[in-house]
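J.: This one is upload_32.cif, mmCIF, C-alpha atoms and all ligand atoms.
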```cif
data_my_file
#
loop_
_atom_site.label_atom_id
_atom_site.label_comp_id
_atom_site.auth_asym_id
_atom_site.auth_seq_id
_atom_site.Cartn_x
_atom_site.Cartn_y
_atom_site.Cartn_z
CA MET S 205 72.63 278.06 37.60
CA LEU S 206 70.80 279.46 40.61
CA THR S 207 70.29 276.12 42.32
CA GLY S 208 71.53 275.88 45.92
CA LYS S 209 73.26 278.74 47.63
CA PRO S 210 76.81 279.64 46.65
CA PRO S 211 79.23 280.98 49.28
CA LEU S 212 78.78 284.48 50.64
CA ALA S 213 80.63 287.32 48.93
CA THR S 214 82.31 288.27 52.21
CA THR S 215 83.68 291.70 51.22
CA ASN S 216 80.29 292.83 49.94
CA VAL S 217 78.42 291.45 52.97
CA VAL S 218 80.80 293.14 55.43
CA TYR S 219 80.58 296.41 53.46
CA PHE S 220 76.78 296.42 53.33
CA ILE S 221 76.44 295.59 57.07
CA ALA S 222 78.98 298.26 58.04
CA VAL S 223 77.61 301.03 55.84
CA HIS S 224 74.01 300.31 56.92
CA LEU S 225 75.00 300.35 60.60
CA LEU S 226 76.76 303.68 60.09
CA ALA S 227 73.89 305.19 58.08
CA LEU S 228 70.90 303.81 59.98
CA VAL S 229 72.22 303.60 63.55
CA ALA S 230 75.32 305.75 64.06
CA ALA S 231 74.21 308.72 61.90
CA PRO S 232 70.76 309.21 63.56
CA ILE S 233 72.33 308.95 67.04
CA TRP S 234 75.01 311.46 66.02
CA GLY S 235 72.34 313.69 64.51
CA LEU S 236 70.32 313.66 67.73
CA LEU S 237 73.24 314.14 70.09
CA VAL S 238 75.48 316.49 68.08
CA GLY S 239 73.60 317.44 64.91
CA PHE S 240 74.82 318.03 61.35
CA SER S 241 75.85 321.39 59.95
CA GLY S 242 74.51 322.92 56.73
CA TRP S 243 77.93 322.18 55.18
CA ALA S 244 77.49 318.44 55.81
CA TRP S 245 74.01 318.47 54.24
CA LEU S 246 75.20 320.52 51.28
CA THR S 247 78.20 318.24 50.66
CA ALA S 248 76.04 315.10 50.92
CA GLY S 249 73.49 316.61 48.50
CA LEU S 250 76.08 317.69 45.95
CA ILE S 251 77.93 314.35 45.98
CA TRP S 252 74.58 312.56 45.63
CA LEU S 253 73.67 314.79 42.67
CA PHE S 254 77.01 314.51 40.85
CA SER S 255 77.54 310.80 41.50
CA GLY S 256 73.95 309.94 40.54
CA LEU S 257 74.21 311.87 37.29
CA SER S 258 77.56 310.24 36.56
CA ILE S 259 76.04 306.76 36.89
CA THR S 260 73.01 307.73 34.78
CA ALA S 261 74.59 309.81 32.04
CA GLY S 262 78.07 308.26 32.22
CA TYR S 263 78.19 304.61 33.33
CA HIS S 264 74.78 303.84 31.88
CA ARG S 265 73.99 305.92 28.80
CA LEU S 266 77.49 306.84 27.62
CA TRP S 267 79.47 303.67 28.26
CA SER S 268 77.00 300.77 28.60
CA HIS S 269 74.86 301.81 25.65
CA ARG S 270 77.14 304.18 23.69
CA SER S 271 74.13 306.42 23.13
CA TYR S 272 76.30 309.52 22.49
CA HIS S 273 79.93 310.64 22.34
CA ALA S 274 81.55 312.64 25.13
CA ALA S 275 84.62 314.88 25.29
CA TRP S 276 87.36 313.87 27.73
CA PRO S 277 86.60 316.48 30.45
CA LEU S 278 83.06 315.10 30.68
CA LYS S 279 84.37 311.52 30.76
CA LEU S 280 86.78 312.44 33.54
CA PHE S 281 83.93 314.01 35.53
CA PHE S 282 81.83 310.83 35.13
CA VAL S 283 84.73 308.57 36.11
CA ILE S 284 85.53 310.53 39.27
CA PHE S 285 81.96 311.10 40.45
CA GLY S 286 80.86 307.65 39.29
CA THR S 287 83.50 306.22 41.64
CA PHE S 288 81.82 308.14 44.49
CA ALA S 289 78.70 306.01 43.89
CA LEU S 290 80.61 302.82 44.80
CA GLN S 291 79.03 300.68 42.11
CA ASN S 292 82.26 299.19 40.78
CA SER S 293 84.44 300.27 37.88
CA VAL S 294 82.88 301.33 34.57
CA LEU S 295 84.17 298.12 32.95
CA ILE S 296 82.56 295.79 35.50
CA TRP S 297 79.32 297.83 35.68
CA CYS S 298 78.89 297.88 31.90
CA ALA S 299 79.80 294.19 31.42
CA ARG S 300 77.03 293.19 33.85
CA HIS S 301 74.57 295.74 32.51
CA ARG S 302 75.01 294.60 28.92
CA ILE S 303 74.34 291.02 30.04
CA HIS S 304 71.21 292.23 31.85
CA HIS S 305 69.89 293.74 28.61
CA ARG S 306 70.91 290.78 26.49
CA PHE S 307 69.33 288.17 28.77
CA VAL S 308 66.76 290.21 30.70
CA ASP S 309 64.57 288.08 33.03
CA ASP S 310 66.55 284.90 32.26
CA ILE S 311 67.29 283.34 35.66
CA GLU S 312 70.28 281.49 34.22
CA ARG S 313 71.98 284.55 32.67
CA ASP S 314 70.56 287.88 33.92
CA PRO S 315 72.64 288.89 37.01
CA HIS S 316 69.59 290.40 38.74
CA SER S 317 66.64 288.72 37.11
CA ILE S 318 63.38 289.76 38.82
CA ARG S 319 62.13 286.22 38.28
CA THR S 320 64.59 285.12 40.99
CA GLY S 321 62.73 287.37 43.45
CA PHE S 322 62.56 291.02 44.47
CA TRP S 323 65.28 290.70 47.14
CA HIS S 324 67.68 288.96 44.77
CA ALA S 325 67.12 291.57 42.05
CA HIS S 326 67.55 294.41 44.57
CA ILE S 327 70.63 293.41 46.54
CA GLY S 328 70.80 289.61 46.97
CA TRP S 329 72.68 289.13 43.72
CA MET S 330 75.66 290.99 45.22
CA LEU S 331 75.76 289.08 48.50
CA ARG S 332 76.80 285.66 47.20
CA HIS S 333 79.08 284.37 44.48
CA TRP S 334 76.24 283.56 42.07
CA SER S 335 77.48 282.30 38.72
CA THR S 336 75.21 284.91 37.09
CA SER S 337 77.16 287.69 38.85
CA GLU S 338 80.46 286.71 37.25
CA VAL S 339 81.96 289.40 35.05
CA ASP S 340 82.46 288.64 31.37
CA PHE S 341 84.99 291.19 30.14
CA ASP S 342 84.43 290.06 26.56
CA ARG S 343 81.28 292.21 26.72
CA VAL S 344 83.31 295.40 27.13
CA ARG S 345 86.21 294.94 24.71
CA ASP S 346 85.24 298.25 23.06
CA LEU S 347 85.56 300.09 26.38
CA GLU S 348 88.87 298.51 27.38
CA THR S 349 90.62 300.52 24.69
CA ASP S 350 89.94 303.73 26.66
CA PRO S 351 92.99 304.46 28.89
CA LEU S 352 90.85 306.49 31.32
CA LEU S 353 88.57 303.48 31.97
CA ARG S 354 91.55 301.14 32.29
CA TRP S 355 93.10 303.53 34.81
CA GLN S 356 89.90 303.70 36.87
CA HIS S 357 89.56 299.91 36.80
CA ARG S 358 93.17 299.39 37.90
CA HIS S 359 93.01 301.84 40.81
CA TYR S 360 89.36 301.41 41.67
CA TRP S 361 89.68 300.44 45.34
CA ILE S 362 92.19 303.11 46.31
CA LEU S 363 90.08 305.71 44.45
CA THR S 364 86.96 304.53 46.23
CA TRP S 365 88.48 304.85 49.70
CA LEU S 366 90.00 308.17 48.83
CA LEU S 367 86.76 309.65 47.52
CA ASN S 368 84.18 308.12 49.85
CA LEU S 369 86.14 308.39 53.08
CA GLY S 370 89.06 310.70 52.32
CA VAL S 371 87.10 313.55 50.70
CA PRO S 372 84.33 313.77 53.36
CA ALA S 373 86.96 313.52 56.13
CA PHE S 374 89.08 316.24 54.53
CA LEU S 375 86.09 318.55 53.99
CA GLY S 376 85.01 317.80 57.55
CA LEU S 377 88.45 318.84 58.75
CA LEU S 378 88.05 322.17 56.96
CA VAL S 379 84.77 322.94 58.74
CA GLY S 380 85.63 321.21 62.03
CA GLU S 381 83.11 318.37 61.63
CA VAL S 382 84.98 315.21 60.57
CA ILE S 383 82.64 312.58 62.06
CA GLY S 384 79.42 314.34 60.99
CA MET S 385 80.70 314.82 57.45
CA VAL S 386 81.88 311.18 57.13
CA LEU S 387 78.54 309.91 58.46
CA LEU S 388 76.30 312.15 56.35
CA ALA S 389 78.23 312.78 53.10
CA GLY S 390 79.83 309.34 53.31
CA ALA S 391 77.60 306.60 54.77
CA VAL S 392 74.07 308.07 54.63
CA ARG S 393 74.55 309.44 51.12
CA LEU S 394 76.00 306.11 49.94
CA VAL S 395 73.19 303.98 51.37
CA PHE S 396 70.52 306.30 49.99
CA SER S 397 72.02 306.60 46.51
CA GLN S 398 72.82 302.89 46.22
CA HIS S 399 69.29 301.79 47.14
CA CYS S 400 67.87 304.29 44.64
CA THR S 401 69.99 302.64 41.92
CA PHE S 402 69.14 299.11 43.15
CA PHE S 403 65.45 300.01 42.79
CA ILE S 404 66.00 300.08 39.01
CA ASN S 405 66.72 296.35 39.13
CA SER S 406 63.92 295.53 41.58
CA LEU S 407 61.08 298.09 41.47
CA ALA S 408 61.49 299.11 37.83
CA HIS S 409 61.06 295.45 36.91
CA SER S 410 57.95 294.92 39.03
CA TRP S 411 55.99 298.16 39.62
CA GLY S 412 54.72 300.46 36.89
CA LYS S 413 53.34 300.33 33.38
CA ARG S 414 54.61 298.68 30.24
CA HIS S 415 54.00 301.45 27.72
CA TYR S 416 56.30 300.33 24.92
CA SER S 417 56.84 296.57 25.14
CA ASP S 418 55.56 293.52 26.98
CA GLN S 419 58.51 291.39 25.91
CA ASN S 420 60.17 291.69 29.32
CA SER S 421 59.38 292.66 32.93
CA SER S 422 60.68 296.24 32.75
CA ARG S 423 58.26 299.00 33.81
CA ASP S 424 57.92 302.76 33.44
CA ASN S 425 57.70 304.35 36.85
CA GLY S 426 57.62 308.13 37.12
CA TRP S 427 58.12 308.06 40.91
CA LEU S 428 61.33 306.13 40.54
CA ALA S 429 62.53 308.60 37.90
CA LEU S 430 62.49 311.28 40.64
CA LEU S 431 65.01 309.30 42.71
CA THR S 432 67.24 308.06 39.90
CA TRP S 433 67.86 311.10 37.71
CA GLY S 434 65.40 309.86 35.10
CA GLU S 435 66.11 306.13 35.01
CA GLY S 436 62.57 305.21 36.09
CA TYR S 437 61.28 305.02 32.51
CA HIS S 438 62.75 301.57 32.32
CA ASN S 439 60.27 300.01 29.90
CA PHE S 440 61.13 302.67 27.33
CA HIS S 441 64.80 302.07 28.02
CA HIS S 442 64.60 298.30 27.49
CA ALA S 443 62.64 298.86 24.27
CA PHE S 444 65.02 301.54 22.91
CA GLN S 445 68.26 301.02 24.80
CA SER S 446 70.54 303.03 22.53
CA ASP S 447 68.48 306.22 22.96
CA TYR S 448 70.23 308.82 25.15
CA ARG S 449 66.88 309.56 26.79
CA ASN S 450 64.88 307.37 29.16
CA GLY S 451 61.95 309.76 29.48
CA GLU S 452 61.13 310.37 25.82
CA ARG S 453 58.53 313.16 26.26
CA TRP S 454 59.83 316.67 27.01
CA TRP S 455 57.92 316.70 30.30
CA HIS S 456 59.24 313.35 31.54
CA PHE S 457 61.53 313.97 34.54
CA ASP S 458 64.88 312.90 33.15
CA PRO S 459 67.81 315.04 34.37
CA GLY S 460 70.15 312.55 32.67
CA LYS S 461 68.87 313.52 29.22
CA TRP S 462 68.81 317.24 30.13
CA LEU S 463 72.44 317.05 31.23
CA ILE S 464 73.46 315.25 28.02
CA ALA S 465 71.54 317.78 25.89
CA ALA S 466 73.12 320.69 27.81
CA CYS S 467 76.59 319.16 27.36
CA SER S 468 75.85 318.79 23.66
CA ALA S 469 74.94 322.49 23.45
CA ALA S 470 78.19 323.32 25.26
CA GLY S 471 80.23 321.20 22.83
CA LEU S 472 81.08 318.49 25.41
CA ALA S 473 78.82 315.81 23.89
CA SER S 474 77.92 314.88 20.34
CA LYS S 475 76.17 312.29 18.12
CA LEU S 476 73.20 311.97 20.50
CA ASN S 477 71.19 308.94 19.47
CA ARG S 478 67.41 309.52 19.30
CA THR S 479 64.97 306.81 18.29
CA PRO S 480 62.70 308.09 15.48
CA THR S 481 59.44 309.35 17.02
CA PHE S 482 57.45 307.20 14.63
CA LYS S 483 59.00 303.99 15.99
CA ILE S 484 58.28 305.09 19.56
CA ARG S 485 54.62 305.92 18.79
CA ARG S 486 54.25 302.66 16.89
CA ALA S 487 55.46 300.66 19.92
CA ARG S 488 53.18 302.67 22.20
CA LEU S 489 50.16 302.06 19.98
CA GLN S 490 50.88 298.35 19.76
CA MET S 491 50.78 298.18 23.56
CA GLN S 492 47.53 300.18 23.64
CA PHE S 493 45.94 297.76 21.17
CA ILE S 494 47.10 294.79 23.25
CA GLU S 495 45.52 296.32 26.37
CA LEU S 496 42.26 297.14 24.61
CA GLU S 497 42.03 293.68 23.10
CA LYS S 498 42.71 292.13 26.52
CA GLY S 499 39.79 294.21 27.87
CA LEU S 500 37.55 293.05 25.07
CA THR S 501 38.29 289.35 25.48
CA SER S 502 37.98 289.45 29.26
CA SER S 503 34.37 290.68 29.18
CA GLU S 504 31.06 290.19 27.40
CA PRO S 505 31.40 290.63 23.62
CA ASP S 506 30.61 294.23 22.69
CA GLU S 507 30.12 294.84 18.96
CA THR S 508 30.42 298.64 19.07
CA TRP S 509 33.76 298.56 20.92
CA ALA S 510 35.11 295.72 18.81
CA ARG S 511 34.29 297.68 15.63
CA ALA S 512 35.85 300.88 16.97
CA ILE S 513 39.06 299.05 17.84
CA GLU S 514 39.13 297.29 14.49
CA ARG S 515 38.75 300.63 12.68
CA GLU S 516 41.65 302.10 14.66
CA CYS S 517 43.69 298.98 13.98
CA GLN S 518 43.14 299.36 10.25
CA LYS S 519 44.18 303.02 10.33
CA PHE S 520 47.28 302.04 12.27
CA THR S 521 48.29 299.39 9.71
CA GLU S 522 47.75 301.88 6.88
CA THR S 523 49.96 304.51 8.53
CA VAL S 524 52.71 301.96 9.26
CA ASN S 525 52.60 300.75 5.65
CA GLN S 526 52.84 304.31 4.37
CA TRP S 527 55.79 305.00 6.65
CA GLN S 528 57.59 301.89 5.39
CA ALA S 529 56.91 303.00 1.79
CA VAL S 530 58.42 306.45 2.46
CA GLN S 531 61.40 304.78 4.16
CA ALA S 532 61.95 302.54 1.11
CA GLU S 533 61.63 305.57 -1.18
CA ARG S 534 64.22 307.45 0.81
CA VAL S 535 66.66 304.54 0.71
CA GLN S 536 66.12 304.27 -3.04
CA ALA S 537 66.69 307.98 -3.49
CA GLY S 538 70.26 307.38 -2.29
CA SER S 539 72.60 309.72 -0.47
CA ALA S 540 73.06 312.03 -3.49
CA ALA S 541 69.32 312.84 -3.54
CA LEU S 542 69.36 313.45 0.20
CA ARG S 543 72.00 316.12 -0.23
CA ASP S 544 69.37 318.01 -2.22
CA ARG S 545 67.90 320.33 0.39
CA TRP S 546 64.48 320.48 -1.19
CA ARG S 547 64.02 316.68 -1.40
CA LYS S 548 65.35 316.26 2.12
CA ARG S 549 62.78 318.74 3.39
CA ALA S 550 60.03 316.98 1.44
CA PHE S 551 60.91 313.63 3.04
CA ARG S 552 61.05 315.21 6.47
CA SER S 553 57.62 316.75 6.14
CA ARG S 554 56.13 313.43 4.96
CA PHE S 555 57.63 311.64 7.95
CA ARG S 556 56.39 314.36 10.28
CA GLU S 557 52.89 314.09 8.90
CA LEU S 558 52.86 310.33 9.55
CA GLU S 559 54.26 310.87 13.06
CA GLN S 560 51.49 313.35 13.78
CA ARG S 561 48.95 310.85 12.57
CA LEU S 562 50.26 308.30 15.08
CA ASN S 563 50.38 310.95 17.83
CA ALA S 564 46.70 311.67 17.22
CA GLN S 565 45.95 307.96 17.29
CA VAL S 566 47.77 307.50 20.62
CA ARG S 567 45.47 310.20 22.05
CA ARG S 568 42.35 308.64 20.49
CA LEU S 569 43.19 305.20 21.86
CA ALA S 570 43.93 306.61 25.29
CA SER S 571 40.48 308.21 25.38
CA LEU S 572 38.96 304.98 24.05
CA GLN S 573 40.66 303.14 26.93
CA ARG S 574 39.35 305.69 29.45
CA ASP S 575 35.81 305.42 28.03
CA TRP S 576 36.06 301.67 28.10
CA TYR S 577 37.00 301.53 31.78
CA THR S 578 34.38 304.15 32.77
CA ASN S 579 31.79 302.23 30.81
CA LYS S 580 32.76 298.93 32.41
CA ALA S 581 32.85 300.48 35.88
CA GLY S 582 29.35 301.89 35.22
CA THR S 583 27.95 298.52 34.26
CA LEU S 584 29.36 296.71 37.31
ZN ZN W 601 66.41 296.43 33.44
ZN ZN W 602 70.51 300.00 30.23
#
```
Could you express the structure from this file as structure tokens?
T.:
Amino acid sequence: MLTGKPPLATTNVVYFIAVHLLALVAAPIWGLLVGFSGWAWLTAGLIWLFSGLSITAGYHRLWSHRSYHAAWPLKLFFVIFGTFALQNSVLIWCARHRIHHRFVDDIERDPHSIRTGFWHAHIGWMLRHWSTSEVDFDRVRDLETDPLLRWQHRHYWILTWLLNLGVPAFLGLLVGEVIGMVLLAGAVRLVFSQHCTFFINSLAHSWGKRHYSDQNSSRDNGWLALLTWGEGYHNFHHAFQSDYRNGERWWHFDPGKWLIAACSAAGLASKLNRTPTFKIRRARLQMQFIELEKGLTSSEPDETWARAIERECQKFTETVNQWQAVQAERVQAGSAALRDRWRKRAFRSRFRELEQRLNAQVRRLASLQRDWYTNKAGTL
């Protein structure tokens, strides 16, 4: 229950105050008085890149959602660089994240429900001992069998100090810039990368479009994708959480999915889970219809528009029915028939044809929406 205020989570509060003072006060003063070398900037950038990708492709898509399989060298990379991000062990991160998906927006269960306020969703949920922030390890029983994850969880704090303070200090020693390196590659990089991740819980649940589902507050936000290695397409992610992609179109900025695909090509990842395109287009079209119908009901009745939307709606239902019929036919055909290359190809081309039909309809509805708004703007 989020009634009243529970006691402060002292370790977290002290950490956040200290790291913000170092990043926002000490680092700029040091930068002005002494300056930072190219080595410090390069180290900060590389740790930001590797740790961000490890949270996105590792903590989130590999372990929380099991959206693909990874070979052990890749897992080791994600565990080490994920620890650099200082977002807790994989086990704790995934336990909370799975609860977030299961009870999204529920102020009684979601650890960072946006309905409890932007601040709470962004960082407030970590500053007090809220009952919703408690970790339920039952959620990650499948991950606890992995010795690598158990090892990281057991030694998390020593690893964190070693990586976030020890590594920058050691690299600083090598180039004769210990304080600059600790401030830039340690504190500044941490504050920047952590707030980028926190924005997924706050901004990606309040700013952007709901392209695939209006069942929860998650939003697609292309700007946020730029700062979070592709995690900004959060509405897609909540709708299709076991997909290894967040940006489903090839042009969506999603380095997480590109890394996973590249690792798959290199033999380091396998069994990548992709939601069938038809299901994605169907969800997208349903949202377009909802928006168009909202437009229609919020203004003067317009027969021509209403008929156009109804026609599209009919076509949509027909295509969905046909797709379900092909699905049923394929199930009936059984696995033996699917081993027949010719029949398999025939099914694939029928599915592709239906997908293309929905693709064309998505474009038609988008232009209908544009015309609608231009028309309405013209009549105002
Ligand atoms: Zn979310
Ligand atoms: Zn997720």
J.: Of the candidates S:Ala550, S:Ile318, S:Ala299, S:Ala487, which one gets nearest to Glu533 (chain S) if we count all atoms listed in the file?
T.: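 Closest to Glu533 (chain S) of all the choices is S:Ala550.
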J.: Would you mind telling me which residue in S:Leu236, S:Leu250, S:Ala408, S:Ala244 lies nearest to Thr432 (chain S) when using all atoms listed in the file?
T.: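 Residue with the minimum atom-to-atom distance to Thr432 (chain S): S:Ala408.
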J.: Any idea what the distance is between CA of Leu430 (chain S) and CA of Asp447 (chain S)?
T.: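 Between CA of Leu430 (chain S) and CA of Asp447 (chain S) the gap is 19.3 Å.
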J.: Can you pull out every residue within 9 Å of Glu559 (chain S), counting only C-alpha atoms, but drop anything in the same chain fewer than 2 positions away, and send it as a PDB file with C-alpha atoms, keeping the file's coordinate frame?
T.:
```pdb
ATOM      1  CA  THR S 481      59.440 309.350  17.020  1.00  0.00           C
ATOM      2  CA  PHE S 482      57.450 307.200  14.630  1.00  0.00           C
ATOM      3  CA  LYS S 483      59.000 303.990  15.990  1.00  0.00           C
ATOM      4  CA  ARG S 485      54.620 305.920  18.790  1.00  0.00           C
ATOM      5  CA  THR S 523      49.960 304.510   8.530  1.00  0.00           C
ATOM      6  CA  TRP S 527      55.790 305.000   6.650  1.00  0.00           C
ATOM      7  CA  ARG S 554      56.130 313.430   4.960  1.00  0.00           C
ATOM      8  CA  PHE S 555      57.630 311.640   7.950  1.00  0.00           C
ATOM      9  CA  ARG S 556      56.390 314.360  10.280  1.00  0.00           C
ATOM     10  CA  GLU S 557      52.890 314.090   8.900  1.00  0.00           C
ATOM     11  CA  ARG S 561      48.950 310.850  12.570  1.00  0.00           C
ATOM     12  CA  LEU S 562      50.260 308.300  15.080  1.00  0.00           C
ATOM     13  CA  ASN S 563      50.380 310.950  17.830  1.00  0.00           C
ATOM     14  CA  ALA S 564      46.700 311.670  17.220  1.00  0.00           C
TER      15      ALA S 564
END
```
J.: Could you check the closest approach to Ala389 (chain S) for each of S:Met330, S:Ile221, S:Leu375, S:Cys298 and tell me which residue wins, using all atoms listed in the file?
T.: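 Answer, going by the shortest atom-to-atom distance: S:Leu375.
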J.: List the spatial neighbours of Ser293 (chain S) as a PyMOL selection string - criterion: any atom at most 7 Å away, all atoms listed in the file, same-chain residues fewer than 4 positions off excluded.
T.: chain S and resi 297+356-357+360
